[in-house]
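J.: protein-v6.tsv is the file, holding TSV, C-alpha atoms:
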chain	number	residue	atom	x	y	z
R	13	MET	CA	-20.58	18.09	-1.10
R	14	ASN	CA	-17.56	19.04	-3.21
R	15	LYS	CA	-14.73	16.66	-3.98
R	16	SER	CA	-12.38	18.35	-1.55
R	17	ARG	CA	-14.78	17.71	1.30
R	18	GLN	CA	-15.40	14.17	0.08
R	19	ALA	CA	-11.66	13.50	0.04
R	20	LYS	CA	-11.51	14.62	3.67
R	21	VAL	CA	-14.32	12.23	4.58
R	22	LEU	CA	-12.51	9.43	2.77
R	23	PHE	CA	-9.25	10.27	4.50
R	24	ARG	CA	-10.96	10.24	7.88
R	25	ALA	CA	-12.82	7.00	7.10
R	26	LEU	CA	-9.51	5.26	6.45
R	27	THR	CA	-8.88	5.43	10.18
R	28	ASP	CA	-11.46	2.70	10.71
R	29	VAL	CA	-10.11	0.08	8.33
R	30	SER	CA	-9.23	-3.34	9.70
R	31	ASP	CA	-6.61	-3.44	12.46
R	32	SER	CA	-4.78	-6.07	10.46
R	33	TYR	CA	-4.03	-3.62	7.64
R	34	VAL	CA	-2.83	-0.95	10.07
R	35	LYS	CA	-0.62	-3.52	11.77
R	36	GLU	CA	0.66	-4.98	8.52
R	37	ALA	CA	1.84	-1.60	7.20
R	38	ARG	CA	3.42	-0.67	10.52
R	39	GLU	CA	5.23	-3.92	11.16
R	40	THR	CA	6.58	-4.36	7.68
R	41	ALA	CA	7.98	-0.84	7.84
R	42	ALA	CA	9.32	-1.45	11.36
R	43	SER	CA	11.03	-4.59	10.16
R	44	ASP	CA	12.73	-2.71	7.35
R	45	ALA	CA	13.65	0.18	9.63
R	46	ALA	CA	15.23	-2.25	12.08
R	47	ALA	CA	17.22	-3.78	9.26
R	48	GLU	CA	18.34	-0.32	8.17
R	49	HIS	CA	19.37	0.50	11.71
R	50	THR	CA	21.82	-2.37	11.76
R	51	GLY	CA	23.45	-1.06	8.62
R	52	PHE	CA	23.37	-4.57	7.26
R	53	PHE	CA	20.92	-3.98	4.43
R	54	THR	CA	22.26	-0.62	3.40
R	55	SER	CA	25.23	-2.02	1.55
R	56	ARG	CA	24.52	-2.92	-2.05
R	57	ASN	CA	27.11	-5.68	-1.91
R	58	VAL	CA	25.62	-7.26	1.15
R	59	MET	CA	22.19	-6.82	-0.42
R	60	ARG	CA	23.18	-9.34	-3.08
R	61	PHE	CA	23.87	-11.85	-0.32
R	62	THR	CA	20.56	-10.94	1.26
R	63	ILE	CA	18.71	-11.67	-1.95
R	64	ALA	CA	20.28	-15.12	-2.12
R	65	LEU	CA	19.50	-15.72	1.54
R	66	ALA	CA	15.92	-14.56	1.05
R	67	ALA	CA	15.56	-16.91	-1.90
R	68	CYS	CA	16.80	-19.80	0.25
R	69	LEU	CA	14.35	-18.87	2.99
R	70	VAL	CA	11.51	-18.71	0.48
R	71	ILE	CA	12.39	-22.22	-0.68
R	72	PHE	CA	12.88	-23.46	2.88
R	73	PHE	CA	9.56	-22.11	4.03
R	74	ALA	CA	7.79	-23.28	0.88
R	75	GLY	CA	4.11	-22.62	0.94
R	76	ARG	CA	4.32	-19.35	2.79
R	77	SER	CA	3.41	-16.75	0.26
R	78	ILE	CA	4.60	-13.26	1.10
R	79	LEU	CA	2.56	-11.71	-1.67
R	80	ASN	CA	-0.69	-13.21	-0.54
R	81	PRO	CA	-3.38	-10.70	-1.47
R	82	SER	CA	-5.82	-12.01	1.08
R	83	THR	CA	-6.53	-10.33	4.39
R	84	PRO	CA	-3.55	-10.74	6.71
R	85	SER	CA	-3.86	-12.32	10.11
R	86	GLY	CA	-5.47	-9.95	12.54
R	87	SER	CA	-5.11	-12.02	15.66
R	88	GLY	CA	-2.82	-9.50	17.24
R	89	THR	CA	-0.40	-12.21	18.23
R	90	GLY	CA	1.22	-12.93	14.89
R	91	ASP	CA	4.80	-11.82	14.43
R	92	MET	CA	5.29	-10.23	11.04
R	93	THR	CA	8.75	-8.92	11.74
R	94	GLN	CA	10.27	-11.86	9.88
R	95	ASP	CA	8.72	-10.78	6.57
R	96	VAL	CA	11.06	-10.35	3.64
R	97	ASN	CA	10.79	-7.17	1.59
R	98	PRO	CA	8.69	-8.40	-1.33
R	99	LEU	CA	10.15	-5.90	-3.77
R	100	GLN	CA	13.59	-5.91	-5.29
R	101	GLU	CA	14.42	-3.29	-7.85
R	102	VAL	CA	17.23	-4.46	-10.14
R	103	SER	CA	19.38	-2.70	-12.68
R	104	SER	CA	19.13	-5.14	-15.57
R	105	MET	CA	17.16	-8.04	-17.01
R	106	GLU	CA	20.18	-10.25	-16.42
R	107	GLU	CA	20.05	-9.48	-12.71
R	108	ALA	CA	16.32	-10.27	-12.66
R	109	GLU	CA	17.00	-13.54	-14.44
R	110	LYS	CA	19.63	-14.53	-11.87
R	111	ILE	CA	17.08	-14.04	-9.10
R	112	THR	CA	14.07	-15.68	-10.73
R	113	GLY	CA	15.77	-18.30	-12.88
R	114	PHE	CA	13.94	-17.23	-16.02
R	115	ALA	CA	14.37	-14.45	-18.58
R	116	LEU	CA	11.89	-11.84	-19.72
R	117	LYS	CA	12.24	-10.32	-23.13
R	118	ALA	CA	10.55	-6.92	-23.22
R	119	PRO	CA	10.97	-3.76	-25.30
R	120	GLU	CA	13.42	-1.08	-24.15
R	121	SER	CA	10.64	1.47	-24.53
R	122	VAL	CA	6.91	1.59	-25.12
R	123	GLY	CA	5.37	4.56	-26.92
R	124	ALA	CA	6.89	7.78	-25.64
R	125	SER	CA	8.32	6.21	-22.50
R	126	THR	CA	11.38	7.87	-21.05
R	127	GLY	CA	12.71	4.99	-18.99
R	128	ARG	CA	11.92	1.65	-17.45
R	129	ILE	CA	12.15	0.10	-14.00
R	130	ILE	CA	12.74	-3.60	-13.49
R	131	THR	CA	11.39	-5.13	-10.28
R	132	VAL	CA	11.46	-8.69	-8.96
R	133	TYR	CA	8.58	-9.67	-6.68
R	134	SER	CA	9.28	-12.30	-4.05
R	135	GLY	CA	12.01	-13.74	-6.21
R	136	ASN	CA	9.46	-15.26	-8.59
R	137	MET	CA	7.95	-12.55	-10.78
R	138	ILE	CA	9.60	-9.95	-13.02
R	139	GLU	CA	7.90	-6.65	-13.76
R	140	VAL	CA	9.04	-3.99	-16.18
R	141	SER	CA	7.38	-0.61	-15.69
R	142	TYR	CA	7.71	2.09	-18.31
R	143	GLU	CA	7.74	5.75	-17.31
R	144	ASN	CA	6.52	8.77	-19.25
R	145	GLY	CA	8.35	11.68	-17.67
R	146	ASN	CA	7.03	11.89	-14.13
R	147	ASP	CA	4.00	9.78	-14.99
R	148	SER	CA	3.64	6.04	-14.85
R	149	GLY	CA	3.07	4.17	-18.08
R	150	CYS	CA	2.40	0.56	-18.90
R	151	SER	CA	3.90	-2.47	-17.21
R	152	ILE	CA	4.76	-6.00	-18.26
R	153	ARG	CA	4.88	-8.97	-15.89
R	154	LYS	CA	6.06	-12.56	-16.19
R	155	ALA	CA	5.99	-15.42	-13.67
R	156	ALA	CA	6.08	-19.20	-13.78
R	157	GLY	CA	2.67	-20.89	-13.79
R	158	SER	CA	-0.70	-19.98	-15.19
R	159	ASP	CA	-2.22	-17.65	-12.58
R	160	ASP	CA	-3.50	-14.21	-13.54
R	161	ILE	CA	-0.60	-11.98	-12.46
R	162	SER	CA	-1.99	-8.68	-13.73
R	163	GLY	CA	-2.77	-7.51	-10.20
R	164	ASP	CA	-5.64	-5.52	-11.72
R	165	SER	CA	-8.93	-6.30	-10.00
R	166	ASN	CA	-10.90	-3.57	-11.76
R	167	GLU	CA	-14.01	-4.55	-13.64
R	168	TYR	CA	-14.06	-3.56	-17.29
R	169	ALA	CA	-16.98	-3.20	-19.63
R	170	ALA	CA	-15.40	-5.31	-22.35
R	171	LEU	CA	-13.72	-8.70	-22.24
R	172	LYS	CA	-12.29	-10.31	-25.33
R	173	THR	CA	-9.99	-13.19	-26.27
R	174	VAL	CA	-7.77	-12.98	-29.31
R	175	SER	CA	-4.99	-15.15	-30.70
R	176	ILE	CA	-1.58	-13.51	-30.83
R	177	ASN	CA	1.53	-15.54	-31.62
R	178	ASN	CA	-0.36	-18.80	-31.02
R	179	SER	CA	-1.39	-17.71	-27.52
R	180	GLN	CA	-4.93	-16.99	-26.42
R	181	VAL	CA	-4.73	-13.49	-25.00
R	182	THR	CA	-7.48	-12.19	-22.72
R	183	LEU	CA	-8.11	-8.48	-23.07
R	184	LYS	CA	-9.98	-6.20	-20.68
R	185	GLY	CA	-11.00	-2.64	-21.42
R	186	GLU	CA	-13.74	-0.59	-23.00
R	187	ASN	CA	-14.57	1.16	-26.26
R	188	GLU	CA	-12.02	-0.96	-28.18
R	189	LYS	CA	-9.23	0.37	-25.98
R	190	TRP	CA	-7.58	-2.30	-23.86
R	191	SER	CA	-6.19	-1.79	-20.36
R	192	VAL	CA	-5.13	-5.32	-19.41
R	193	ALA	CA	-3.86	-8.28	-21.41
R	194	THR	CA	-3.07	-11.69	-19.90
R	195	TRP	CA	-1.89	-14.92	-21.46
R	196	THR	CA	0.20	-18.02	-20.84
R	197	ALA	CA	2.93	-19.58	-22.93
R	198	ASP	CA	5.51	-22.31	-22.33
R	199	GLY	CA	4.67	-22.65	-18.64
R	200	TYR	CA	4.75	-18.94	-17.91
R	201	SER	CA	2.05	-16.40	-17.22
R	202	TYR	CA	2.26	-12.91	-18.72
R	203	ALA	CA	0.39	-9.67	-18.13
R	204	VAL	CA	0.44	-6.25	-19.74
R	205	ASP	CA	-1.19	-3.39	-17.87
R	206	THR	CA	-1.87	-0.20	-19.82
R	207	GLN	CA	-4.65	1.24	-17.71
R	208	THR	CA	-3.06	4.69	-17.59
R	209	ASP	CA	-3.15	4.85	-21.39
R	210	PRO	CA	-5.32	2.07	-22.85
R	211	MET	CA	-4.18	0.78	-26.25
R	212	ALA	CA	-5.94	-0.15	-29.47
R	213	LEU	CA	-5.60	-3.81	-30.46
R	214	PRO	CA	-3.02	-3.36	-33.27
R	215	ASP	CA	-0.64	-1.47	-30.95
R	216	LEU	CA	-1.20	-3.89	-28.09
R	217	ALA	CA	-0.69	-6.93	-30.36
R	218	LYS	CA	2.59	-5.45	-31.55
R	219	LEU	CA	3.70	-4.97	-27.95
R	220	ILE	CA	2.64	-8.49	-26.93
R	221	SER	CA	4.54	-9.93	-29.90
R	222	ALA	CA	7.72	-8.33	-28.56
R	223	ILE	CA	7.37	-10.03	-25.17
R	224	LYS	CA	8.74	-13.46	-24.38
E	15	MET	CA	6.21	-5.99	27.77
E	16	GLU	CA	3.56	-8.01	25.97
E	17	ASP	CA	0.42	-6.19	24.84
E	18	ARG	CA	-1.69	-8.49	26.99
E	19	GLN	CA	0.25	-7.40	30.07
E	20	ILE	CA	-0.16	-3.73	29.19
E	21	ILE	CA	-3.91	-4.16	28.77
E	22	ASP	CA	-4.02	-5.95	32.14
E	23	LEU	CA	-2.38	-2.90	33.73
E	24	TYR	CA	-5.17	-0.71	32.33
E	25	PHE	CA	-7.74	-3.06	33.81
E	26	GLN	CA	-5.94	-2.92	37.14
E	27	ARG	CA	-6.07	0.90	36.88
E	28	SER	CA	-2.32	0.95	37.30
E	29	GLU	CA	-0.60	4.14	36.12
E	30	GLY	CA	2.15	1.86	34.92
E	31	ALA	CA	-0.13	1.15	31.98
E	32	ILE	CA	0.56	4.59	30.51
E	33	SER	CA	4.32	4.44	30.97
E	34	ALA	CA	4.37	0.93	29.50
E	35	THR	CA	2.33	2.15	26.53
E	36	ARG	CA	4.63	5.13	26.10
E	37	ASP	CA	7.73	2.95	26.27
E	38	LYS	CA	6.47	0.52	23.67
E	39	TYR	CA	4.41	2.69	21.34
E	40	GLY	CA	5.35	6.30	22.08
E	41	HIS	CA	7.57	6.63	19.04
E	42	LEU	CA	4.94	5.08	16.76
E	43	LEU	CA	2.19	7.36	18.04
E	44	CYS	CA	4.30	10.48	17.80
E	45	SER	CA	5.40	9.59	14.26
E	46	ILE	CA	1.78	9.12	13.13
E	47	ALA	CA	0.80	12.47	14.63
E	48	LEU	CA	3.87	14.13	13.17
E	49	GLY	CA	3.07	12.71	9.72
E	50	ILE	CA	-0.26	14.53	9.83
E	51	LEU	CA	0.63	17.68	11.74
E	52	LYS	CA	4.28	18.27	10.77
E	53	ASN	CA	4.79	20.01	14.08
E	54	MET	CA	6.53	18.26	16.97
E	55	GLN	CA	4.79	20.17	19.73
E	56	ASP	CA	1.35	19.44	18.31
E	57	ALA	CA	2.36	15.81	17.70
E	58	GLU	CA	3.53	15.35	21.28
E	59	GLU	CA	0.29	16.82	22.61
E	60	CYS	CA	-1.71	14.39	20.49
E	61	GLU	CA	0.46	11.55	21.77
E	62	SER	CA	-0.28	12.59	25.36
E	63	ASP	CA	-4.00	12.94	24.60
E	64	THR	CA	-3.90	9.41	23.20
E	65	TYR	CA	-2.72	8.02	26.56
E	66	LEU	CA	-5.51	9.87	28.34
E	67	LYS	CA	-8.17	8.67	25.92
E	68	THR	CA	-6.85	5.11	26.12
E	69	TRP	CA	-6.95	5.28	29.92
E	70	ASN	CA	-10.59	6.39	29.69
E	71	VAL	CA	-11.77	3.63	27.34
E	72	ILE	CA	-9.83	0.61	28.71
E	73	PRO	CA	-11.74	-0.84	30.50
E	74	PRO	CA	-14.32	-1.68	29.36
E	75	THR	CA	-12.87	-1.87	25.84
E	76	VAL	CA	-10.47	-4.73	25.19
E	77	PRO	CA	-8.36	-3.91	22.12
E	78	ASN	CA	-7.87	-6.74	19.68
E	79	VAL	CA	-4.60	-5.31	18.35
E	80	LEU	CA	-3.23	-2.75	20.79
E	81	SER	CA	-0.88	-1.04	18.34
E	82	ALA	CA	-3.68	-0.53	15.80
E	83	PHE	CA	-6.07	0.56	18.55
E	84	LEU	CA	-3.66	3.24	19.75
E	85	SER	CA	-2.77	4.24	16.20
E	86	LYS	CA	-6.41	4.86	15.34
E	87	ILE	CA	-6.89	7.03	18.40
E	88	VAL	CA	-3.84	9.16	17.65
E	89	ARG	CA	-4.79	9.44	13.98
E	90	ASN	CA	-8.28	10.70	14.86
E	91	LEU	CA	-6.92	13.12	17.45
E	92	SER	CA	-4.34	14.39	14.98
E	93	LEU	CA	-6.95	14.90	12.27
E	94	ASP	CA	-9.15	16.77	14.77
E	95	ARG	CA	-6.22	18.98	15.65
E	96	TYR	CA	-5.30	19.42	11.99
E	97	GLU	CA	-8.82	20.61	11.20
E	98	HIS	CA	-8.67	22.99	14.14
E	99	ILE	CA	-5.32	24.33	12.99
E	100	THR	CA	-6.39	24.79	9.37
E	101	ALA	CA	-9.55	26.53	10.56
E	102	GLU	CA	-7.21	29.03	12.16
E	103	LYS	CA	-5.28	29.16	8.87
E	104	ARG	CA	-1.98	28.14	10.31
E	105	GLY	CA	-1.86	24.68	8.82
E	106	GLY	CA	-0.04	23.17	5.88
E	107	GLY	CA	2.27	20.24	5.47
E	108	GLU	CA	1.49	17.00	3.64
E	109	ILE	CA	-2.24	16.67	4.24
E	110	PRO	CA	-3.39	19.03	1.43
E	111	VAL	CA	-1.27	16.97	-0.96
E	112	LEU	CA	-2.79	13.71	0.30
E	113	LEU	CA	-6.28	15.13	-0.01
E	114	ASP	CA	-5.61	16.29	-3.57
E	115	GLU	CA	-4.50	12.76	-4.43
E	116	LEU	CA	-7.56	11.21	-2.79
E	117	GLU	CA	-9.84	13.54	-4.75
E	118	GLU	CA	-8.87	11.44	-7.77
E	119	CYS	CA	-10.68	8.53	-6.11
E	120	ILE	CA	-13.98	10.37	-5.79
E	121	PRO	CA	-16.37	9.29	-8.53
E	122	ASP	CA	-18.16	11.95	-10.52
E	123	PRO	CA	-21.69	12.49	-9.23
E	124	HIS	CA	-24.43	10.52	-10.99
E	125	GLY	CA	-27.29	11.83	-8.92
E	126	THR	CA	-28.54	8.30	-8.20
E	127	GLY	CA	-26.45	7.02	-5.32
E	128	GLY	CA	-27.34	7.54	-1.71
E	129	SER	CA	-25.09	8.83	0.99
E	130	VAL	CA	-22.91	6.10	2.45
E	131	GLN	CA	-22.52	5.82	6.18
E	132	ALA	CA	-19.10	5.84	7.74
E	133	GLU	CA	-19.26	2.15	8.70
E	134	ILE	CA	-20.21	1.13	5.19
E	135	LEU	CA	-17.43	3.28	3.82
E	136	ALA	CA	-14.96	1.53	6.12
E	137	ASP	CA	-16.28	-1.83	4.88
E	138	LEU	CA	-15.78	-0.70	1.31
E	139	LEU	CA	-12.25	0.41	2.11
E	140	ASN	CA	-11.52	-2.95	3.75
E	141	GLU	CA	-12.80	-4.73	0.66
E	142	PHE	CA	-10.67	-2.50	-1.53
E	143	LEU	CA	-7.56	-3.07	0.59
E	144	GLY	CA	-8.16	-6.81	0.55
E	145	SER	CA	-8.22	-6.77	-3.23
E	146	LEU	CA	-4.76	-5.23	-3.47
E	147	LYS	CA	-1.53	-7.16	-3.56
E	148	LYS	CA	0.41	-6.93	-0.35
E	149	ASP	CA	3.02	-4.47	-1.57
E	150	ALA	CA	0.43	-2.16	-3.12
E	151	ARG	CA	-1.64	-2.30	0.06
E	152	ILE	CA	1.32	-1.44	2.25
E	153	PHE	CA	2.30	1.48	0.01
E	154	PHE	CA	-1.30	2.75	0.09
E	155	MET	CA	-1.53	2.48	3.87
E	156	ARG	CA	1.86	4.07	4.43
E	157	ARG	CA	0.85	6.99	2.19
E	158	TYR	CA	-2.76	7.61	3.17
E	159	TRP	CA	-2.97	6.16	6.67
E	160	TYR	CA	0.44	6.97	8.13
E	161	GLY	CA	1.01	10.05	5.95
E	162	ASP	CA	4.45	9.01	4.68
E	163	SER	CA	5.85	10.89	1.71
E	164	VAL	CA	6.63	8.98	-1.48
E	165	GLU	CA	10.32	9.48	-0.77
E	166	GLU	CA	9.96	7.97	2.71
E	167	ILE	CA	8.12	4.95	1.35
E	168	SER	CA	10.68	4.34	-1.37
E	169	ARG	CA	13.45	4.52	1.24
E	170	LYS	CA	11.69	2.18	3.67
E	171	TYR	CA	11.06	-0.45	1.01
E	172	ASN	CA	14.28	0.00	-0.92
E	173	CYS	CA	12.67	0.81	-4.26
E	174	GLY	CA	12.43	3.78	-6.59
E	175	GLU	CA	9.99	6.64	-6.13
E	176	SER	CA	8.56	5.94	-9.57
E	177	ARG	CA	7.72	2.43	-8.43
E	178	VAL	CA	5.84	3.82	-5.44
E	179	LYS	CA	4.08	6.52	-7.47
E	180	MET	CA	2.96	3.97	-10.03
E	181	SER	CA	1.62	1.63	-7.37
E	182	LEU	CA	-0.25	4.46	-5.63
E	183	MET	CA	-1.71	5.69	-8.88
E	184	ARG	CA	-3.00	2.21	-9.72
E	185	SER	CA	-4.43	1.77	-6.25
E	186	ARG	CA	-6.23	5.11	-6.50
E	187	ASN	CA	-7.71	4.01	-9.84
E	188	THR	CA	-8.81	0.75	-8.26
E	189	LEU	CA	-10.36	2.59	-5.33
E	190	LYS	CA	-12.23	4.90	-7.65
E	191	ALA	CA	-13.61	1.87	-9.50
E	192	PHE	CA	-14.64	0.31	-6.17
E	193	LEU	CA	-16.45	3.43	-5.09
E	194	GLU	CA	-18.15	3.86	-8.46
E	195	LYS	CA	-19.31	0.25	-8.41
E	196	ALA	CA	-20.81	0.81	-4.98
E	197	GLY	CA	-22.63	3.92	-6.24
E	198	TYR	CA	-20.70	5.83	-3.66
E	199	THR	CA	-21.45	9.40	-2.73
E	200	ILE	CA	-20.72	11.05	0.59
Mind turning the file's structure into structure tokens?
T.:
Amino acid sequence: MNKSRQAKVLFRALTDVSDSYVKEARETAASDAAAEHTGFFTSRNVMRFTIALAACLVIFFAGRSILNPSTPSGSGTGDMTQDVNPLQEVSSMEEAEKITGFALKAPESVGASTGRIITVYSGNMIEVSYENGNDSGCSIRKAAGSDDISGDSNEYAALKTVSINNSQVTLKGENEKWSVATWTADGYSYAVDTQTDPMALPDLAKLISAIK
Amino acid sequence: MEDRQIIDLYFQRSEGAISATRDKYGHLLCSIALGILKNMQDAEECESDTYLKTWNVIPPTVPNVLSAFLSKIVRNLSLDRYEHITAEKRGGGEIPVLLDELEECIPDPHGTGGSVQAEILADLLNEFLGSLKKDARIFFMRRYWYGDSVEEISRKYNCGESRVKMSLMRSRNTLKAFLEKAGYTI
């Protein structure tokens, strides 16, 4: 069977995934669409207020993780319409710092990147994604704590730990090209994801040294 | 009306079940069909066929999540219709683009793996979706389940198209790794 036919089978098979995933994607979108309909969230000025309000709600309802990667409730009775949009694209590192309460120092560009996007996740993680034209490049993440925040669950042939700037950095990749790097320092967890263009150790070490 | 009440109407064989379903989920069902077919007339016909099929299977079936139950029916009916339309060479729209993207997830043949049954494939896909972070999972489902364009997703979630493209690309890479690990061939 050729790949085109296989893709069709895969596309069809998606129909039968868990109801909870179908519901989750529908209700989160419906929640946002309802917010859009009110016109409330469409104003950038009001959005700033919303961010602050969302942060307060996150604190108030401490313990409820909105980025929980585990299977969502599939009971059919849960109301997900109160979910907060977990993504917040911001225009500067300063804006990200205001939301999260911590700063991330990261290069303006990586390799031949043509731009970068700064995103705050759930008010507690900053991600900088570097673009290469229309393609996606590497990304850098920082969050308080010591959890692995790479978000990369792939299995790699090679795993290695090296010391860079007094931090023990875990590398994942293959053939001496590294796709993921994770480490902790000063109470923060960091991750670099270069799976679209894996890097050799000297280049990756140089990049990691520029991150704080 | 609560889903439980709608399902009760089906069990009572009340025609009010269909109008209640249409009132609550008609827009959702039509939008799923439209995302696949890109033709309102075809989408509306699939929506109507969904009510008929639902009427025929409830009872005895008791849906766990009614919205997902209906969505799966309309998605299957829409894909059937899409295949019929493309067989007559009058198709087009977003599906060829989605299929091209999903081809990236198909592992290269090794000649060792066996054919995977549909149920096992669905289990694999569930495992893959469970491994994703919530935002990546929602982007993936909106793109490949609901057929949203990248632009639509970025608008719905108030983020840039590059952000969405990057997330989708990473999810496709992850899916490919999942399928390879499972020795997947179709």
J.: What residues in chain E have any atom no more than 7 Å from chain R when counting only C-alpha atoms, and can you write them as a count of residues only?
T.: 31
J.: From the list E:Gln19, E:Ser185, E:Ser62, E:Ser33, which residue is nearest Phe154 of chain E when using all atoms listed in the file?
T.: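 Looking only at the distances to Phe154 of chain E, the closest residue turns out to be E:Ser185.
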J.: In file coordinates, which residues lie within 10 Å of (-7.8, 0.6, 35.6) using all atoms listed in the file, given as a list in words?
T.: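 Output of the proximity query reads Ile21, Asp22, Leu23, Tyr24, Phe25, Gln26, Arg27, Ser28, Glu29, Ala31, Trp69, Asn70, Val71, Ile72, Pro73 and Pro74 of chain E.
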J.: Using all atoms listed in the file, which residues sit within 12 Å of Asp94 of chain E once same-chain residues fewer than 4 positions away are excluded, as a list in words?
T.: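 So the residues in contact are Lys20 and Arg24 of chain R; Ala47, Ile50, Leu51, Asp56, Ala57, Cys60, Asp63, Ile87, Val88, Arg89, Asn90, His98, Ile99, Thr100 and Ala101 of chain E.
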J.: Between atom CA of Arg151 of chain E and atom CA of Val178 of chain E, what distance in Å does the model show, to one decimal?
T.: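 Going from atom CA of Arg151 of chain E over to atom CA of Val178 of chain E covers 11.1 Å.
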J.: Can you tell me, as JSON, numbers by chain, what residues are no more than 12 Å from Gly157 of chain R when counting all atoms listed in the file, ignoring any on the same chain fewer than 3 positions away?
T.: {"R": [136, 137, 154, 160, 161, 195, 196, 197, 198, 199, 200, 201, 202]}
J.: Centre and edge lengths of an axis-aligned box around all listed atoms of segment 62-65 of chain E, with 4 Å added on each side, are to be given in Å to one decimal, as lines of an AutoDock Vina configuration file.
T.:
center_x = -2.1
center_y = 10.5
center_z = 24.9
size_x = 11.7
size_y = 12.9
size_z = 11.4
J.: Rounded to one decimal in Å, what is the spacing between atom CA of Ala155 of chain R and atom CA of Ser134 of chain R?
T.: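 A separation of 10.6 Å between them.
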J.: Go ahead and compute the interatomic distance for atom CA of Glu120 of chain R and atom CA of Asn177 of chain R, in Å to one decimal.
T.: 20.2 Å
J.: Find the residue from E:Leu43, E:Met54, E:Leu193, E:Ile109 that sits nearest to Phe83 of chain E; use all atoms listed in the file when measuring.
T.: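 Closest to Phe83 of chain E, using all atoms listed in the file: E:Leu43.
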